[in-house]
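Listing of upload26.pdb, PDB, C-alpha atoms, pLDDT in the B column
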```pdb
ATOM      1  CA  MET A  30     -23.193 304.535 138.392  1.00 56.00           C
ATOM      2  CA  ARG A  31     -25.548 301.555 138.546  1.00 58.00           C
ATOM      3  CA  THR A  32     -24.362 297.993 138.509  1.00 63.00           C
ATOM      4  CA  LYS A  33     -25.524 295.526 135.881  1.00 59.00           C
ATOM      5  CA  ALA A  34     -27.826 293.811 138.420  1.00 58.00           C
ATOM      6  CA  GLU A  35     -29.471 297.145 139.331  1.00 58.00           C
ATOM      7  CA  LYS A  36     -30.032 297.988 135.659  1.00 53.00           C
ATOM      8  CA  LYS A  37     -31.556 294.550 135.045  1.00 55.00           C
ATOM      9  CA  ALA A  38     -33.851 294.941 138.062  1.00 60.00           C
ATOM     10  CA  LEU A  39     -35.168 298.248 136.673  1.00 60.00           C
ATOM     11  CA  ASP A  40     -35.534 297.027 133.080  1.00 58.00           C
ATOM     12  CA  HIS A  41     -39.215 296.607 132.263  1.00 54.00           C
ATOM     13  CA  SER A  42     -38.816 296.427 128.486  1.00 63.00           C
ATOM     14  CA  GLY A  43     -41.077 293.856 126.897  1.00 64.00           C
ATOM     15  CA  SER A  44     -43.384 293.674 129.896  1.00 74.00           C
ATOM     16  CA  THR A  45     -46.980 294.847 129.946  1.00 84.00           C
ATOM     17  CA  PHE A  46     -48.152 297.885 131.858  1.00 81.00           C
ATOM     18  CA  ALA A  47     -50.339 295.594 133.978  1.00 80.00           C
ATOM     19  CA  SER A  48     -47.364 293.412 134.937  1.00 83.00           C
ATOM     20  CA  PHE A  49     -45.337 296.534 135.775  1.00 83.00           C
ATOM     21  CA  LEU A  50     -48.112 297.758 138.085  1.00 81.00           C
ATOM     22  CA  GLU A  51     -48.353 294.283 139.619  1.00 83.00           C
ATOM     23  CA  GLU A  52     -44.601 294.242 140.329  1.00 85.00           C
ATOM     24  CA  GLU A  53     -44.803 297.695 141.893  1.00 84.00           C
ATOM     25  CA  GLY A  54     -47.789 296.642 144.029  1.00 86.00           C
ATOM     26  CA  MET A  55     -49.982 299.373 142.546  1.00 86.00           C
ATOM     27  CA  ARG A  56     -52.293 297.489 140.190  1.00 86.00           C
ATOM     28  CA  GLU A  57     -55.394 297.330 142.412  1.00 86.00           C
ATOM     29  CA  GLU A  58     -55.181 301.007 143.334  1.00 86.00           C
ATOM     30  CA  VAL A  59     -54.648 302.101 139.722  1.00 88.00           C
ATOM     31  CA  GLU A  60     -57.556 299.941 138.523  1.00 87.00           C
ATOM     32  CA  ALA A  61     -59.832 301.365 141.251  1.00 86.00           C
ATOM     33  CA  VAL A  62     -58.974 304.947 140.285  1.00 88.00           C
ATOM     34  CA  ALA A  63     -59.412 304.155 136.577  1.00 89.00           C
ATOM     35  CA  THR A  64     -62.817 302.588 137.212  1.00 90.00           C
ATOM     36  CA  LYS A  65     -63.927 305.553 139.313  1.00 91.00           C
ATOM     37  CA  ARG A  66     -62.710 307.983 136.644  1.00 93.00           C
ATOM     38  CA  VAL A  67     -64.784 306.246 134.009  1.00 93.00           C
ATOM     39  CA  LEU A  68     -67.896 306.185 136.207  1.00 94.00           C
ATOM     40  CA  ALA A  69     -67.499 309.848 137.190  1.00 94.00           C
ATOM     41  CA  TRP A  70     -66.954 310.792 133.540  1.00 95.00           C
ATOM     42  CA  GLN A  71     -70.037 308.847 132.429  1.00 95.00           C
ATOM     43  CA  LEU A  72     -72.201 310.491 135.100  1.00 96.00           C
ATOM     44  CA  SER A  73     -70.878 313.958 134.192  1.00 95.00           C
ATOM     45  CA  GLN A  74     -71.439 313.354 130.472  1.00 96.00           C
ATOM     46  CA  GLU A  75     -75.004 312.185 131.066  1.00 96.00           C
ATOM     47  CA  MET A  76     -75.718 315.148 133.342  1.00 97.00           C
ATOM     48  CA  GLY A  77     -74.500 317.437 130.563  1.00 96.00           C
ATOM     49  CA  ARG A  78     -76.507 315.608 127.924  1.00 96.00           C
ATOM     50  CA  GLN A  79     -79.640 315.975 130.037  1.00 96.00           C
ATOM     51  CA  ARG A  80     -78.684 319.561 130.944  1.00 97.00           C
ATOM     52  CA  LYS A  81     -78.936 318.678 134.624  1.00 97.00           C
ATOM     53  CA  THR A  82     -77.027 320.979 136.987  1.00 96.00           C
ATOM     54  CA  LYS A  83     -75.114 319.729 140.006  1.00 96.00           C
ATOM     55  CA  GLN A  84     -77.584 321.514 142.238  1.00 96.00           C
ATOM     56  CA  ALA A  85     -80.582 319.786 140.593  1.00 96.00           C
ATOM     57  CA  MET A  86     -78.813 316.419 140.702  1.00 96.00           C
ATOM     58  CA  ALA A  87     -77.949 316.836 144.384  1.00 96.00           C
ATOM     59  CA  ARG A  88     -81.556 317.761 145.143  1.00 96.00           C
ATOM     60  CA  GLU A  89     -82.789 314.668 143.295  1.00 95.00           C
ATOM     61  CA  LEU A  90     -80.361 312.475 145.233  1.00 95.00           C
ATOM     62  CA  GLN A  91     -81.409 314.200 148.477  1.00 95.00           C
ATOM     63  CA  THR A  92     -77.817 315.093 149.251  1.00 94.00           C
ATOM     64  CA  SER A  93     -75.587 318.150 149.335  1.00 95.00           C
ATOM     65  CA  ARG A  94     -73.734 319.575 146.377  1.00 95.00           C
ATOM     66  CA  SER A  95     -70.421 318.878 148.146  1.00 94.00           C
ATOM     67  CA  GLN A  96     -71.412 315.196 148.420  1.00 94.00           C
ATOM     68  CA  LEU A  97     -72.190 315.191 144.695  1.00 95.00           C
ATOM     69  CA  ASP A  98     -68.801 316.802 144.016  1.00 95.00           C
ATOM     70  CA  ARG A  99     -67.145 313.905 145.874  1.00 94.00           C
ATOM     71  CA  LEU A 100     -69.182 311.465 143.793  1.00 94.00           C
ATOM     72  CA  LEU A 101     -68.027 313.150 140.579  1.00 95.00           C
ATOM     73  CA  ASP A 102     -64.408 313.500 141.754  1.00 94.00           C
ATOM     74  CA  PRO A 103     -62.429 310.944 139.702  1.00 90.00           C
ATOM     75  CA  GLN A 104     -59.759 310.640 142.404  1.00 88.00           C
ATOM     76  CA  ASN A 105     -62.198 309.849 145.242  1.00 90.00           C
ATOM     77  CA  ILE A 106     -62.585 306.058 145.206  1.00 87.00           C
ATOM     78  CA  SER A 107     -64.390 305.852 148.550  1.00 89.00           C
ATOM     79  CA  VAL A 108     -67.872 306.241 147.035  1.00 89.00           C
ATOM     80  CA  SER A 109     -70.258 303.383 147.774  1.00 90.00           C
ATOM     81  CA  LEU A 110     -71.913 301.299 145.078  1.00 89.00           C
ATOM     82  CA  ASP A 111     -75.277 302.337 146.490  1.00 93.00           C
ATOM     83  CA  THR A 112     -74.451 306.011 145.908  1.00 93.00           C
ATOM     84  CA  MET A 113     -73.259 305.311 142.360  1.00 93.00           C
ATOM     85  CA  SER A 114     -76.389 303.297 141.665  1.00 94.00           C
ATOM     86  CA  ARG A 115     -78.681 306.048 143.017  1.00 95.00           C
ATOM     87  CA  ALA A 116     -76.887 308.629 140.832  1.00 96.00           C
ATOM     88  CA  ALA A 117     -77.315 306.433 137.755  1.00 96.00           C
ATOM     89  CA  ARG A 118     -81.026 305.945 138.530  1.00 95.00           C
ATOM     90  CA  ALA A 119     -81.480 309.705 138.948  1.00 96.00           C
ATOM     91  CA  LEU A 120     -80.287 310.011 135.341  1.00 96.00           C
ATOM     92  CA  GLY A 121     -82.568 307.225 134.103  1.00 96.00           C
ATOM     93  CA  LYS A 122     -79.645 304.807 133.845  1.00 95.00           C
ATOM     94  CA  SER A 123     -78.538 301.694 135.702  1.00 94.00           C
ATOM     95  CA  LEU A 124     -75.173 300.746 137.134  1.00 92.00           C
ATOM     96  CA  VAL A 125     -73.930 297.430 135.744  1.00 91.00           C
ATOM     97  CA  ILE A 126     -71.157 295.610 137.583  1.00 87.00           C
ATOM     98  CA  ARG A 127     -69.766 292.243 136.624  1.00 86.00           C
ATOM     99  CA  ILE A 128     -67.044 289.923 137.781  1.00 87.00           C
ATOM    100  CA  SER A 129     -64.948 288.314 135.094  1.00 83.00           C
ATOM    101  CA  ASP A 130     -61.995 285.989 134.941  1.00 85.00           C
ATOM    102  CA  ARG A 131     -58.898 288.190 134.635  1.00 75.00           C
ATOM    103  CA  LYS A 132     -56.918 285.630 132.690  1.00 73.00           C
ATOM    104  CA  ALA A 133     -59.724 284.960 130.193  1.00 62.00           C
ATOM    105  CA  ALA A 134     -60.329 288.685 129.672  1.00 59.00           C
ATOM    106  CA  ARG A 135     -56.635 289.265 129.020  1.00 59.00           C
ATOM    107  CA  THR A 136     -56.491 286.358 126.556  1.00 59.00           C
ATOM    108  CA  ARG A 137     -59.612 287.605 124.756  1.00 56.00           C
ATOM    109  CA  ARG A 138     -58.092 291.095 124.405  1.00 58.00           C
ATOM    110  CA  SER A 139     -54.874 289.579 123.043  1.00 56.00           C
ATOM    111  CA  ARG A 140     -56.815 287.587 120.453  1.00 55.00           C
ATOM    112  CA  VAL A 141     -58.788 290.654 119.360  1.00 53.00           C
ATOM    113  CA  ALA A 142     -55.574 292.659 119.024  1.00 53.00           C
ATOM    114  CA  ALA A 143     -53.933 289.859 117.020  1.00 53.00           C
ATOM    115  CA  VAL A 144     -56.913 289.536 114.660  1.00 50.00           C
ATOM    116  CA  THR A 145     -57.106 293.303 114.219  1.00 47.00           C
ATOM    117  CA  ALA A 146     -53.394 293.490 113.421  1.00 49.00           C
ATOM    118  CA  ARG A 147     -53.735 290.784 110.753  1.00 50.00           C
ATOM    119  CA  GLN A 148     -56.636 292.417 108.924  1.00 48.00           C
ATOM    120  CA  PRO A 149     -55.600 294.296 105.797  1.00 49.00           C
ATOM    121  CA  ALA A 150     -56.274 297.997 105.672  1.00 46.00           C
ATOM    122  CA  GLN A 151     -59.534 298.767 103.950  1.00 47.00           C
ATOM    123  CA  ARG A 152     -59.533 301.036 100.942  1.00 49.00           C
ATOM    124  CA  ILE A 153     -62.212 303.648 100.868  1.00 48.00           C
ATOM    125  CA  HIS A 154     -63.530 304.513  97.426  1.00 49.00           C
ATOM    126  CA  ARG A 155     -64.557 308.134  97.098  1.00 51.00           C
ATOM    127  CA  PRO A 156     -66.352 309.033  93.859  1.00 57.00           C
ATOM    128  CA  GLY A 157     -64.517 311.679  91.867  1.00 55.00           C
ATOM    129  CA  THR A 158     -61.087 310.836  93.270  1.00 51.00           C
ATOM    130  CA  GLU A 159     -60.049 308.488  90.479  1.00 51.00           C
ATOM    131  CA  LYS A 160     -57.018 309.484  88.447  1.00 48.00           C
ATOM    132  CA  VAL A 161     -57.520 309.673  84.728  1.00 47.00           C
ATOM    133  CA  LEU A 162     -54.478 308.658  82.703  1.00 44.00           C
TER
END
```

Output the file's structure in the form of structure tokens.
Amino acid sequence: MRTKAEKKALDHSGSTFASFLEEEGMREEVEAVATKRVLAWQLSQEMGRQRKTKQAMARELQTSRSQLDRLLDPQNISVSLDTMSRAARALGKSLVIRISDRKAARTRRSRVAAVTARQPAQRIHRPGTEKVL
């Protein structure tokens, strides 16, 4: 049975997921994997939209298909920015990277969430759905 101090140490209620990850020392790793997942997903989606096969993409990048598989692997975070940028260019896209203030971004998200929560639900009028009394 756990003591009261042990239970309190494990209690994360009321905290954010980001603060939990920070406390566990995993935030940077989780953010890196999440970023890579999004980039890999975007590249895959665009390849599909353009009907470009992995083999054709690899040929265009002058690399092997196994290298392209590593690029598209959402768990592999050891891909260079140059490689990501070349892949985006091969699809007629550009890779955009920016540095932002973490605190300001978090505050901005909080404000957007607060404003969204305060807005009343919109009623959608559909012709022919009125009740006749």

**OP:** Decode the PyMOL selection byres ((chain A and resi 111) around 12) for the given file into explicit residues and return them as an NGL selection string.
**Re:** :A and (90 or 100 or 107-110 or 112-118 or 123-126)

Original post:
For the atom pair atom CA of Asp102 of chain A and atom CA of Thr82 of chain A, what is the interatomic distance in Å to one decimal place?
Top reply: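 Straight-line distance from atom CA of Asp102 of chain A to atom CA of Thr82 of chain A works out to 15.4 Å.
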
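Here the question is which of A:Arg131, A:Arg88, A:Thr64, A:Ile106 gets nearest to Ala47 of chain A using all atoms listed in the file, and that residue is A:Arg131.
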
**OP:** Quote the spacing between atom CA of Gly54 of chain A and atom CA of Asn105 of chain A in Å to one decimal place.
**Re:** 19.6 Å

Original post:
Could you pull the residues within 12 Å of Gln79 of chain A, counting only C-alpha atoms, minus those fewer than 6 positions along the same chain, as a ChimeraX atom specification?
Top reply: /A:72-73,85-86,119-122
